[in-house]
Amino acid sequence: MAQVFAYVSHKNGAVDDTAKELLAAAKKFTDASVTGIVVGSGVDAVAAEAAKIFAEVIKIDNAALAYPNAEVVRKALVNVLPAGSVVLFAHDTFAMDLAPGLSIKLGGAFASDIVDIEGADGNTVKLIRQEFSGSVSTHTTIDISTGAVINMRPGAVAAADATAAGTVVDKSAAAGDLASKRTFLKVVEPEAGDVDITKADVLVSIGRGIQDQENIQIAVDLKEAIGAAAEVSCSRPIVDAKWMDASRQVGTSGKTVKPKIYMACGISGSFQHMGGVKGGFIIAINKNPNAPIFQVANVGIEADIVEFLPALAEKIGEMK
Amino acid sequence: MEILVCVKRVPDTAENEIVLNSDGNDIERDDLVYSVNEWDNYAVEEAIRIVEEKGGCVTVVTVGDDDADEVLRREMAMGAEKAILLKDDAFEGSDAKGIATILAACVKKGNYDLVLSGAQADQGFAAVGGMMAAILDYPYASLVNKIEIGSGNITVGREIEGGNQEMNEMALPCVLSIQTGINEPRYVGVRGIRKVASVDIPVFGAGDLGLDAASVGEGAAKVKRVDYFIPETGEGAEMLTGSTDDIISKLIEIMKANGGL
């Protein structure tokens with residue numbers, strides 16, 4: 001079995017929870033020890049923290065790596081990692097930028113957004129993925145005989161315990177020339193919207209099932225029937241269609257919310273959307289009985305929201 | 001600007017319910033409606049806008065069979081000037097690396113300043129753009145939601161977590177994968193489709209692209225889908241049933257119990 005590495009994400013000096021998930025994922029197909037990789041500028045403390053999770057940690061410390069520019073990080077990894085390596089990443093926007101190209105440069109195979117690993121049969125690792133926004137799952141195999149890069153969906157595999165008293169090996173000198181054809185400029189934060197959906201107790205959240213821009217009014221009517229603690233939020237397609245402001249988008253690329261009640265109305269329940277819902281009681285209303293949202297909601301109703309929401313708003317209105 | 005946009009014909013999941021076939025090893029494909037991958041539509045629109053402003057030409061390309069012709073013509077009706085169909089029995093069963101290898105060979109045949117793809121397609125690997133860039137040794141950015149063309153370089157915004165945008169400056173030529181929402185793709189009318197119905201679309205196979213057939217297709221694929229299955233729902237939602245009035249009454253009680261009313 002090839003040597004297995006886990007890329008350790010970190011932010012503001014803290015190791016991300018996904019590091020323990022990657023260790024757990026690796027243990028599903030290898031008995032060998034897993035090596036953590038910490039890349040950045042001034043990352044001694046992060047490497048020490050990672051050594052509580054991994055038996056060995058490789059540190060690549062360089063001022064050019066202060067911001068994780070995918071092209072620069074890729075160069076450093078290609079110069080440091082041995083041929084035939086298997087490298088695991090958390091499937092986030094950074095790994096989406098880096099990992100496909102890294103697999104080409106390392107000469108290995110690539111599989112992404114993996115939700116589970118079933119084990120290995122020689123050099124064939126058995127993976128589970130989802131397609132069509134999570135409505136069907138697939139068994140997929142990846143041949144790791146010449147190495148591989150595997151992106152694991154964050155939160156999909158339960159984290160392993162952090163018990164290692166690992167060693168840190170400094171490979172900064174081996175990173176080599178980090179000149180890049182892509183230069184990081186800055187991170188732009190979104191403008192604040194007129195409402196802060198993260199403060200609402202109840203979110204009436206709408207997705208593609210709303211069908212038409214004019215129908216958004218039925219969500220507004222329901223919100224008003226519920227009262228001052230409620231707000232209307234939405235999933236990505238509503239913002240893409242310019243029907244609602246980006247400040248109302250819930251998801252990994254939008255806001256993270258934790259209301260008392262989250263009403264997912266006509267929302268399929270992709271992990272990118274549900275990644276933004278961090279708590280609360282989830283009520284799902286969807287006309288497709290196989291929608292993935294029904295796997296994560298507390299209560300489900302099979303109905304067309306365009307008919308159901310006005311009826312609900314009317315009943316709540318009568319109560320008051 | 002010479003711009004190549006890679007597109008894919010995919011099942012339209014917004015319009016279709018995905019069901020497994022009777023053997024359980026594939027989805028039922030017979031009644032599916034196909035269309036151009038949603039992300040690719042935004043990529044084509046962005047390319048057309050750049051050419052409208054800076055001049056040049058948009059070419060759309062796909063790896064597929066004869067049916068893929070319809071998505072090429074749709075994107076031409078949108079405003080792409082040229083199209084290329086990459087078709088060969090040797091391409092069948094390619095994994096993402098195989099597709100990236102085929103598309104990279106097509107890029108090498110042309111003289112493009114910019115290569116665009118959608119951020120992801122139906123299988124959700126989000127792999128082809130980044131792999132193609134690495135094969136070509138071009139710089140790459142994924143999840144792009146803003147493009148500003150300079151002289152000899154380009155400034156791109158990438159979508160990152162939390163609604164933030166990461167700005168980068170890149171050298172040309174480069175490969176970008178485009179995120180939805182970057183623009184509003186224009187409407188394609190029947191008249192536009194008719195106008196391009198008889199345009200000749202060149203077809204290239206492995207030999208035309210100078211590709212070793214063994215480097216692509218099923219034989220070269222290191223990632224293979226074995227089957228489809230419906231996951232066990234486990235702790236699924238408690239489904240409320242009955243008449244609409246019954247359901248609403250139950251739901252209102254549940255909302256009260258959880259502090260929502």
# chains A, B, ... in the order shown; residues from 1 in each chain; ligands from 1
$ select_by_dssp --residues "stretch 151-226 of chain B" --states "helix (DSSP H, G or I)" --output "VMD selection string"
chain B and resid 161 to 163 190 to 195 213 to 215 217 to 220
$ write_last_selection --atoms "N, CA and C atoms" --output "tab-separated table (two decimals), in the first residue's frame"
chain	number	residue	atom	x	y	z
B	161	GLU	N	-15.73	29.93	0.73
B	161	GLU	CA	-16.75	29.72	1.75
B	161	GLU	C	-17.25	31.04	2.36
B	162	GLY	N	-18.50	31.02	2.81
B	162	GLY	CA	-19.07	32.12	3.57
B	162	GLY	C	-19.45	33.33	2.75
B	163	GLY	N	-19.62	33.16	1.44
B	163	GLY	CA	-20.00	34.29	0.59
B	163	GLY	C	-18.83	35.20	0.24
B	190	VAL	N	-36.29	29.78	-30.63
B	190	VAL	CA	-36.39	28.79	-31.71
B	190	VAL	C	-35.72	29.32	-32.99
B	191	ARG	N	-35.87	30.62	-33.23
B	191	ARG	CA	-35.28	31.20	-34.43
B	191	ARG	C	-33.75	31.02	-34.43
B	192	GLY	N	-33.15	31.24	-33.25
B	192	GLY	CA	-31.69	31.08	-33.12
B	192	GLY	C	-31.27	29.65	-33.39
B	193	ILE	N	-32.03	28.69	-32.88
B	193	ILE	CA	-31.73	27.27	-33.08
B	193	ILE	C	-31.81	26.94	-34.58
B	194	ARG	N	-32.85	27.45	-35.24
B	194	ARG	CA	-33.03	27.19	-36.69
B	194	ARG	C	-31.86	27.74	-37.49
B	195	LYS	N	-31.40	28.90	-37.08
B	195	LYS	CA	-30.34	29.59	-37.82
B	195	LYS	C	-29.05	28.76	-37.90
B	213	ALA	N	-4.85	6.12	-28.42
B	213	ALA	CA	-6.17	5.67	-27.97
B	213	ALA	C	-6.10	4.96	-26.62
B	214	ALA	N	-4.95	4.39	-26.30
B	214	ALA	CA	-4.81	3.66	-25.03
B	214	ALA	C	-4.73	4.61	-23.83
B	215	SER	N	-4.51	5.92	-24.09
B	215	SER	CA	-4.38	6.88	-22.98
B	215	SER	C	-5.73	7.39	-22.52
B	217	GLY	N	-10.37	6.51	-22.63
B	217	GLY	CA	-11.35	5.43	-22.70
B	217	GLY	C	-11.33	4.54	-21.47
B	218	GLU	N	-12.12	3.48	-21.53
B	218	GLU	CA	-12.33	2.63	-20.36
B	218	GLU	C	-11.03	1.96	-19.90
B	219	GLY	N	-10.20	1.58	-20.86
B	219	GLY	CA	-8.96	0.89	-20.50
B	219	GLY	C	-8.03	1.73	-19.65
B	220	ALA	N	-8.04	3.03	-19.89
B	220	ALA	CA	-7.15	3.93	-19.15
B	220	ALA	C	-7.77	4.47	-17.88
$ closest_residue --among "A:Lys223, A:Arg236, A:His139, A:Arg129" --to "chain B" --atoms "only C-alpha atoms"
A:His139
$ atom_distance --atom1 "atom CA of B:Asn145" --atom2 "atom CA of A:Asn69"
16.9 Å
$ residues_around --residues "stretch 307-318 of chain A" --least-positions-apart "5" --cutoff "9 Å" --atoms "only C-alpha atoms" --output "PyMOL selection string"
(chain A and resi 218-219+221-226+265+285) or (chain B and resi 244-245+248-249+251-252+261)
$ select_by_dssp --residues "stretch 127-242 of chain B" --states "strand (DSSP E)" --output "tab-separated table (two decimals) with all heavy atoms, in the first residue's frame"
chain	number	residue	atom	x	y	z
B	140	TYR	N	-4.70	27.95	-13.49
B	140	TYR	CA	-6.10	27.53	-13.36
B	140	TYR	C	-6.74	28.19	-12.15
B	140	TYR	O	-6.09	28.40	-11.13
B	140	TYR	CB	-6.14	26.00	-13.17
B	140	TYR	CG	-7.49	25.43	-12.83
B	140	TYR	CD1	-8.53	25.47	-13.75
B	140	TYR	CD2	-7.73	24.84	-11.59
B	140	TYR	CE1	-9.77	24.94	-13.43
B	140	TYR	CE2	-8.96	24.29	-11.28
B	140	TYR	CZ	-9.98	24.34	-12.20
B	140	TYR	OH	-11.21	23.81	-11.90
B	141	ALA	N	-8.01	28.50	-12.28
B	141	ALA	CA	-8.81	28.90	-11.12
B	141	ALA	C	-10.18	28.26	-11.24
B	141	ALA	O	-10.76	28.21	-12.33
B	141	ALA	CB	-8.94	30.41	-11.03
B	142	SER	N	-10.71	27.79	-10.11
B	142	SER	CA	-12.01	27.12	-10.10
B	142	SER	C	-13.06	28.03	-9.48
B	142	SER	O	-12.73	29.02	-8.81
B	142	SER	CB	-11.92	25.84	-9.29
B	142	SER	OG	-11.64	26.15	-7.94
B	143	LEU	N	-14.34	27.69	-9.66
B	143	LEU	CA	-15.46	28.38	-9.02
B	143	LEU	C	-15.42	29.88	-9.30
B	143	LEU	O	-15.67	30.70	-8.42
B	143	LEU	CB	-15.45	28.12	-7.51
B	143	LEU	CG	-15.53	26.65	-7.10
B	143	LEU	CD1	-15.12	26.47	-5.65
B	143	LEU	CD2	-16.94	26.11	-7.32
B	144	VAL	N	-15.07	30.25	-10.53
B	144	VAL	CA	-14.88	31.66	-10.88
B	144	VAL	C	-16.23	32.36	-11.00
B	144	VAL	O	-17.14	31.88	-11.68
B	144	VAL	CB	-14.08	31.77	-12.19
B	144	VAL	CG1	-14.09	33.20	-12.73
B	144	VAL	CG2	-12.65	31.29	-11.97
B	145	ASN	N	-16.36	33.50	-10.29
B	145	ASN	CA	-17.62	34.25	-10.38
B	145	ASN	C	-17.41	35.71	-10.77
B	145	ASN	O	-18.31	36.53	-10.66
B	145	ASN	CB	-18.43	34.12	-9.09
B	145	ASN	CG	-17.70	34.64	-7.88
B	145	ASN	OD1	-16.61	35.20	-8.01
B	145	ASN	ND2	-18.28	34.47	-6.70
B	146	LYS	N	-16.19	36.02	-11.24
B	146	LYS	CA	-15.91	37.37	-11.78
B	146	LYS	C	-14.68	37.30	-12.68
B	146	LYS	O	-13.69	36.67	-12.33
B	146	LYS	CB	-15.66	38.34	-10.62
B	146	LYS	CG	-15.52	39.79	-11.05
B	146	LYS	CD	-15.13	40.64	-9.83
B	146	LYS	CE	-14.96	42.10	-10.21
B	146	LYS	NZ	-16.19	42.87	-10.10
B	147	ILE	N	-14.76	37.95	-13.84
B	147	ILE	CA	-13.60	37.98	-14.76
B	147	ILE	C	-13.42	39.41	-15.26
B	147	ILE	O	-14.36	40.04	-15.73
B	147	ILE	CB	-13.82	37.05	-15.99
B	147	ILE	CG1	-14.00	35.60	-15.55
B	147	ILE	CG2	-12.66	37.17	-16.97
B	147	ILE	CD1	-14.27	34.63	-16.71
B	148	GLU	N	-12.19	39.91	-15.12
B	148	GLU	CA	-11.83	41.19	-15.73
B	148	GLU	C	-10.62	40.97	-16.60
B	148	GLU	O	-9.56	40.53	-16.12
B	148	GLU	CB	-11.49	42.22	-14.64
B	148	GLU	CG	-12.71	42.72	-13.87
B	148	GLU	CD	-12.33	43.55	-12.65
B	148	GLU	OE1	-11.11	43.75	-12.42
B	148	GLU	OE2	-13.23	43.95	-11.92
B	149	ILE	N	-10.77	41.28	-17.90
B	149	ILE	CA	-9.67	41.04	-18.84
B	149	ILE	C	-8.75	42.25	-18.87
B	149	ILE	O	-9.22	43.38	-19.11
B	149	ILE	CB	-10.22	40.78	-20.26
B	149	ILE	CG1	-11.26	39.67	-20.26
B	149	ILE	CG2	-9.08	40.50	-21.23
B	149	ILE	CD1	-10.75	38.28	-20.12
B	153	ASN	N	-2.99	39.74	-19.15
B	153	ASN	CA	-3.34	39.02	-17.93
B	153	ASN	C	-4.82	39.17	-17.66
B	153	ASN	O	-5.56	39.79	-18.42
B	153	ASN	CB	-2.49	39.49	-16.75
B	153	ASN	CG	-2.82	40.92	-16.38
B	153	ASN	OD1	-3.67	41.56	-17.00
B	153	ASN	ND2	-2.15	41.43	-15.37
B	154	ILE	N	-5.25	38.57	-16.56
B	154	ILE	CA	-6.68	38.53	-16.28
B	154	ILE	C	-6.85	38.54	-14.77
B	154	ILE	O	-6.02	37.96	-14.04
B	154	ILE	CB	-7.27	37.25	-16.95
B	154	ILE	CG1	-8.76	37.11	-16.71
B	154	ILE	CG2	-6.58	36.01	-16.49
B	154	ILE	CD1	-9.35	35.98	-17.58
B	155	THR	N	-7.87	39.24	-14.29
B	155	THR	CA	-8.16	39.23	-12.86
B	155	THR	C	-9.44	38.42	-12.66
B	155	THR	O	-10.45	38.69	-13.33
B	155	THR	CB	-8.35	40.66	-12.31
B	155	THR	OG1	-7.16	41.40	-12.60
B	155	THR	CG2	-8.58	40.65	-10.81
B	156	VAL	N	-9.38	37.42	-11.80
B	156	VAL	CA	-10.56	36.58	-11.59
B	156	VAL	C	-10.93	36.53	-10.11
B	156	VAL	O	-10.07	36.53	-9.24
B	156	VAL	CB	-10.37	35.13	-12.11
B	156	VAL	CG1	-10.03	35.12	-13.58
B	156	VAL	CG2	-9.33	34.38	-11.33
B	157	GLY	N	-12.24	36.52	-9.88
B	157	GLY	CA	-12.76	36.31	-8.53
B	157	GLY	C	-13.22	34.87	-8.42
B	157	GLY	O	-13.86	34.35	-9.33
B	158	ARG	N	-12.88	34.23	-7.31
B	158	ARG	CA	-13.33	32.86	-7.05
B	158	ARG	C	-14.30	32.89	-5.87
B	158	ARG	O	-14.07	33.60	-4.90
B	158	ARG	CB	-12.17	31.96	-6.64
B	158	ARG	CG	-11.12	31.68	-7.64
B	158	ARG	CD	-10.11	30.68	-7.04
B	158	ARG	NE	-10.77	29.44	-6.68
B	158	ARG	CZ	-10.75	28.90	-5.48
B	158	ARG	NH1	-10.10	29.45	-4.48
B	158	ARG	NH2	-11.40	27.77	-5.24
B	159	GLU	N	-15.30	32.04	-5.94
B	159	GLU	CA	-16.19	31.90	-4.80
B	159	GLU	C	-15.53	31.01	-3.76
B	159	GLU	O	-15.11	29.89	-4.08
B	159	GLU	CB	-17.49	31.26	-5.27
B	159	GLU	CG	-18.49	31.09	-4.15
B	159	GLU	CD	-19.74	30.41	-4.67
B	159	GLU	OE1	-20.57	31.10	-5.26
B	159	GLU	OE2	-19.85	29.18	-4.51
B	165	GLN	N	-15.14	36.26	-1.64
B	165	GLN	CA	-14.61	36.12	-2.99
B	165	GLN	C	-13.09	36.32	-2.93
B	165	GLN	O	-12.61	37.28	-2.34
B	165	GLN	CB	-15.25	37.20	-3.88
B	165	GLN	CG	-14.94	37.04	-5.36
B	165	GLN	CD	-15.58	38.17	-6.16
B	165	GLN	OE1	-15.53	39.33	-5.76
B	165	GLN	NE2	-16.18	37.84	-7.28
B	166	GLU	N	-12.37	35.37	-3.53
B	166	GLU	CA	-10.91	35.42	-3.54
B	166	GLU	C	-10.45	35.96	-4.89
B	166	GLU	O	-10.75	35.38	-5.92
B	166	GLU	CB	-10.38	33.99	-3.32
B	166	GLU	CG	-8.88	33.84	-3.41
B	166	GLU	CD	-8.50	32.38	-3.58
B	166	GLU	OE1	-8.80	31.57	-2.69
B	166	GLU	OE2	-7.90	32.06	-4.62
B	167	MET	N	-9.74	37.09	-4.87
B	167	MET	CA	-9.31	37.71	-6.13
B	167	MET	C	-7.87	37.28	-6.46
B	167	MET	O	-7.00	37.25	-5.60
B	167	MET	CB	-9.35	39.24	-6.02
B	167	MET	CG	-10.71	39.82	-5.66
B	167	MET	SD	-12.02	39.37	-6.83
B	167	MET	CE	-11.45	40.22	-8.31
B	168	ASN	N	-7.67	36.94	-7.73
B	168	ASN	CA	-6.35	36.50	-8.20
B	168	ASN	C	-6.03	37.16	-9.53
B	168	ASN	O	-6.94	37.41	-10.32
B	168	ASN	CB	-6.31	34.99	-8.43
B	168	ASN	CG	-6.45	34.19	-7.16
B	168	ASN	OD1	-5.48	33.92	-6.47
B	168	ASN	ND2	-7.69	33.83	-6.81
B	169	GLU	N	-4.74	37.40	-9.77
B	169	GLU	CA	-4.31	37.84	-11.09
B	169	GLU	C	-3.62	36.65	-11.75
B	169	GLU	O	-2.84	35.95	-11.10
B	169	GLU	CB	-3.33	39.00	-10.97
B	169	GLU	CG	-3.04	39.67	-12.30
B	169	GLU	CD	-2.15	40.89	-12.11
B	169	GLU	OE1	-2.67	41.95	-11.73
B	169	GLU	OE2	-0.93	40.74	-12.33
B	170	MET	N	-3.94	36.40	-13.02
B	170	MET	CA	-3.40	35.23	-13.71
B	170	MET	C	-2.85	35.61	-15.07
B	170	MET	O	-3.33	36.54	-15.71
B	170	MET	CB	-4.49	34.18	-13.88
B	170	MET	CG	-5.07	33.72	-12.57
B	170	MET	SD	-6.53	32.73	-12.76
B	170	MET	CE	-5.79	31.21	-13.37
B	171	ALA	N	-1.84	34.83	-15.48
B	171	ALA	CA	-1.29	35.01	-16.83
B	171	ALA	C	-2.19	34.28	-17.83
B	171	ALA	O	-2.85	33.30	-17.49
B	171	ALA	CB	0.12	34.44	-16.87
B	174	CYS	N	-5.02	30.71	-19.86
B	174	CYS	CA	-5.33	30.00	-18.63
B	174	CYS	C	-6.65	29.25	-18.78
B	174	CYS	O	-7.36	29.41	-19.78
B	174	CYS	CB	-5.39	30.97	-17.45
B	174	CYS	SG	-6.76	32.13	-17.51
B	175	VAL	N	-6.93	28.40	-17.80
B	175	VAL	CA	-8.19	27.65	-17.76
B	175	VAL	C	-8.98	28.12	-16.54
B	175	VAL	O	-8.41	28.23	-15.44
B	175	VAL	CB	-7.94	26.12	-17.66
B	175	VAL	CG1	-9.27	25.37	-17.59
B	175	VAL	CG2	-7.09	25.62	-18.81
B	176	LEU	N	-10.25	28.41	-16.73
B	176	LEU	CA	-11.11	28.81	-15.61
B	176	LEU	C	-12.34	27.92	-15.60
B	176	LEU	O	-12.90	27.62	-16.66
B	176	LEU	CB	-11.57	30.26	-15.76
B	176	LEU	CG	-10.50	31.34	-15.98
B	176	LEU	CD1	-11.16	32.70	-16.21
B	176	LEU	CD2	-9.56	31.40	-14.78
B	177	SER	N	-12.77	27.48	-14.41
B	177	SER	CA	-14.06	26.79	-14.33
B	177	SER	C	-15.06	27.75	-13.69
B	177	SER	O	-14.77	28.40	-12.69
B	177	SER	CB	-13.94	25.47	-13.59
B	177	SER	OG	-13.87	25.66	-12.21
B	178	ILE	N	-16.21	27.85	-14.31
B	178	ILE	CA	-17.15	28.93	-14.03
B	178	ILE	C	-18.27	28.48	-13.10
B	178	ILE	O	-18.91	27.45	-13.32
B	178	ILE	CB	-17.76	29.47	-15.35
B	178	ILE	CG1	-16.63	29.90	-16.31
B	178	ILE	CG2	-18.73	30.62	-15.08
B	178	ILE	CD1	-15.76	31.02	-15.83
B	203	VAL	N	-15.84	17.12	-36.72
B	203	VAL	CA	-15.75	16.02	-35.76
B	203	VAL	C	-14.31	15.51	-35.75
B	203	VAL	O	-13.75	15.20	-36.80
B	203	VAL	CB	-16.70	14.87	-36.16
B	203	VAL	CG1	-16.61	13.72	-35.15
B	203	VAL	CG2	-18.15	15.37	-36.26
B	204	PHE	N	-13.71	15.46	-34.57
B	204	PHE	CA	-12.34	14.97	-34.43
B	204	PHE	C	-12.32	13.71	-33.58
B	204	PHE	O	-12.94	13.66	-32.52
B	204	PHE	CB	-11.42	16.02	-33.78
B	204	PHE	CG	-11.29	17.31	-34.56
B	204	PHE	CD1	-11.26	18.54	-33.90
B	204	PHE	CD2	-11.19	17.30	-35.95
B	204	PHE	CE1	-11.14	19.73	-34.60
B	204	PHE	CE2	-11.05	18.49	-36.67
B	204	PHE	CZ	-11.04	19.70	-35.99
B	223	VAL	N	-10.69	5.47	-12.42
B	223	VAL	CA	-11.85	5.69	-11.55
B	223	VAL	C	-13.07	5.17	-12.30
B	223	VAL	O	-13.33	5.57	-13.43
B	223	VAL	CB	-12.01	7.20	-11.22
B	223	VAL	CG1	-13.26	7.43	-10.37
B	223	VAL	CG2	-10.78	7.72	-10.52
B	224	LYS	N	-13.78	4.23	-11.67
B	224	LYS	CA	-14.91	3.60	-12.36
B	224	LYS	C	-16.12	3.52	-11.47
B	224	LYS	O	-16.03	3.10	-10.31
B	224	LYS	CB	-14.53	2.19	-12.80
B	224	LYS	CG	-13.49	2.18	-13.91
B	224	LYS	CD	-13.06	0.78	-14.30
B	224	LYS	CE	-12.02	0.88	-15.43
B	224	LYS	NZ	-11.35	-0.36	-15.71
B	225	ARG	N	-17.27	3.91	-12.01
B	225	ARG	CA	-18.52	3.74	-11.28
B	225	ARG	C	-18.94	2.29	-11.41
B	225	ARG	O	-19.01	1.74	-12.52
B	225	ARG	CB	-19.60	4.65	-11.82
B	225	ARG	CG	-20.85	4.60	-10.97
B	225	ARG	CD	-22.10	5.07	-11.68
B	225	ARG	NE	-22.02	6.41	-12.20
B	225	ARG	CZ	-22.09	6.72	-13.48
B	225	ARG	NH1	-22.20	5.79	-14.39
B	225	ARG	NH2	-22.04	7.97	-13.86
B	226	VAL	N	-19.21	1.63	-10.30
B	226	VAL	CA	-19.59	0.22	-10.32
B	226	VAL	C	-21.11	0.09	-10.48
B	226	VAL	O	-21.60	-0.67	-11.30
B	226	VAL	CB	-19.14	-0.50	-9.03
B	226	VAL	CG1	-19.56	-1.95	-9.03
B	226	VAL	CG2	-17.63	-0.37	-8.86
B	227	ASP	N	-21.85	0.86	-9.68
B	227	ASP	CA	-23.31	0.80	-9.77
B	227	ASP	C	-23.93	2.04	-9.12
B	227	ASP	O	-23.22	2.86	-8.54
B	227	ASP	CB	-23.86	-0.46	-9.10
B	227	ASP	CG	-23.57	-0.51	-7.60
B	227	ASP	OD1	-23.09	0.49	-7.04
B	227	ASP	OD2	-23.82	-1.55	-6.98
B	228	TYR	N	-25.23	2.14	-9.29
B	228	TYR	CA	-26.01	3.16	-8.57
B	228	TYR	C	-26.83	2.45	-7.51
B	228	TYR	O	-27.22	1.30	-7.68
B	228	TYR	CB	-26.99	3.85	-9.52
B	228	TYR	CG	-26.40	4.87	-10.44
B	228	TYR	CD1	-26.15	4.57	-11.78
B	228	TYR	CD2	-26.13	6.16	-10.00
B	228	TYR	CE1	-25.62	5.53	-12.64
B	228	TYR	CE2	-25.61	7.12	-10.85
B	228	TYR	CZ	-25.36	6.80	-12.17
B	228	TYR	OH	-24.85	7.74	-13.01
B	229	PHE	N	-27.10	3.14	-6.41
B	229	PHE	CA	-28.03	2.57	-5.43
B	229	PHE	C	-28.69	3.71	-4.66
B	229	PHE	O	-28.17	4.84	-4.64
B	229	PHE	CB	-27.33	1.59	-4.49
B	229	PHE	CG	-26.30	2.21	-3.57
B	229	PHE	CD1	-26.60	2.48	-2.25
B	229	PHE	CD2	-25.01	2.51	-4.04
B	229	PHE	CE1	-25.66	3.05	-1.41
B	229	PHE	CE2	-24.07	3.09	-3.19
B	229	PHE	CZ	-24.38	3.35	-1.87
B	238	GLU	N	-39.79	12.23	9.87
B	238	GLU	CA	-41.14	11.71	10.16
B	238	GLU	C	-42.08	12.37	9.15
B	238	GLU	O	-42.25	13.60	9.17
B	238	GLU	CB	-41.55	12.09	11.60
B	238	GLU	CG	-42.95	11.68	11.95
B	238	GLU	CD	-43.52	12.50	13.11
B	238	GLU	OE1	-42.74	13.10	13.86
B	238	GLU	OE2	-44.76	12.52	13.24
B	239	MET	N	-42.67	11.58	8.25
B	239	MET	CA	-43.51	12.16	7.20
B	239	MET	C	-44.92	12.40	7.75
B	239	MET	O	-45.54	11.50	8.33
B	239	MET	CB	-43.58	11.24	5.98
B	239	MET	CG	-42.23	10.98	5.30
B	239	MET	SD	-41.37	12.46	4.70
B	239	MET	CE	-42.40	12.90	3.29
$ atom_distance --atom1 "atom CA of A:Ala24" --atom2 "atom CA of A:Asp116"
10.2 Å
$ atom_distance --atom1 "atom CA of A:Thr138" --atom2 "atom CA of A:Ser270"
15.7 Å
$ residues_around --residues "A:Lys199" --least-positions-apart "4" --cutoff "9 Å" --atoms "only C-alpha atoms" --output "list in words"
Val195, Ala229, Glu231, Val257, Lys258 and Pro259 of chain A
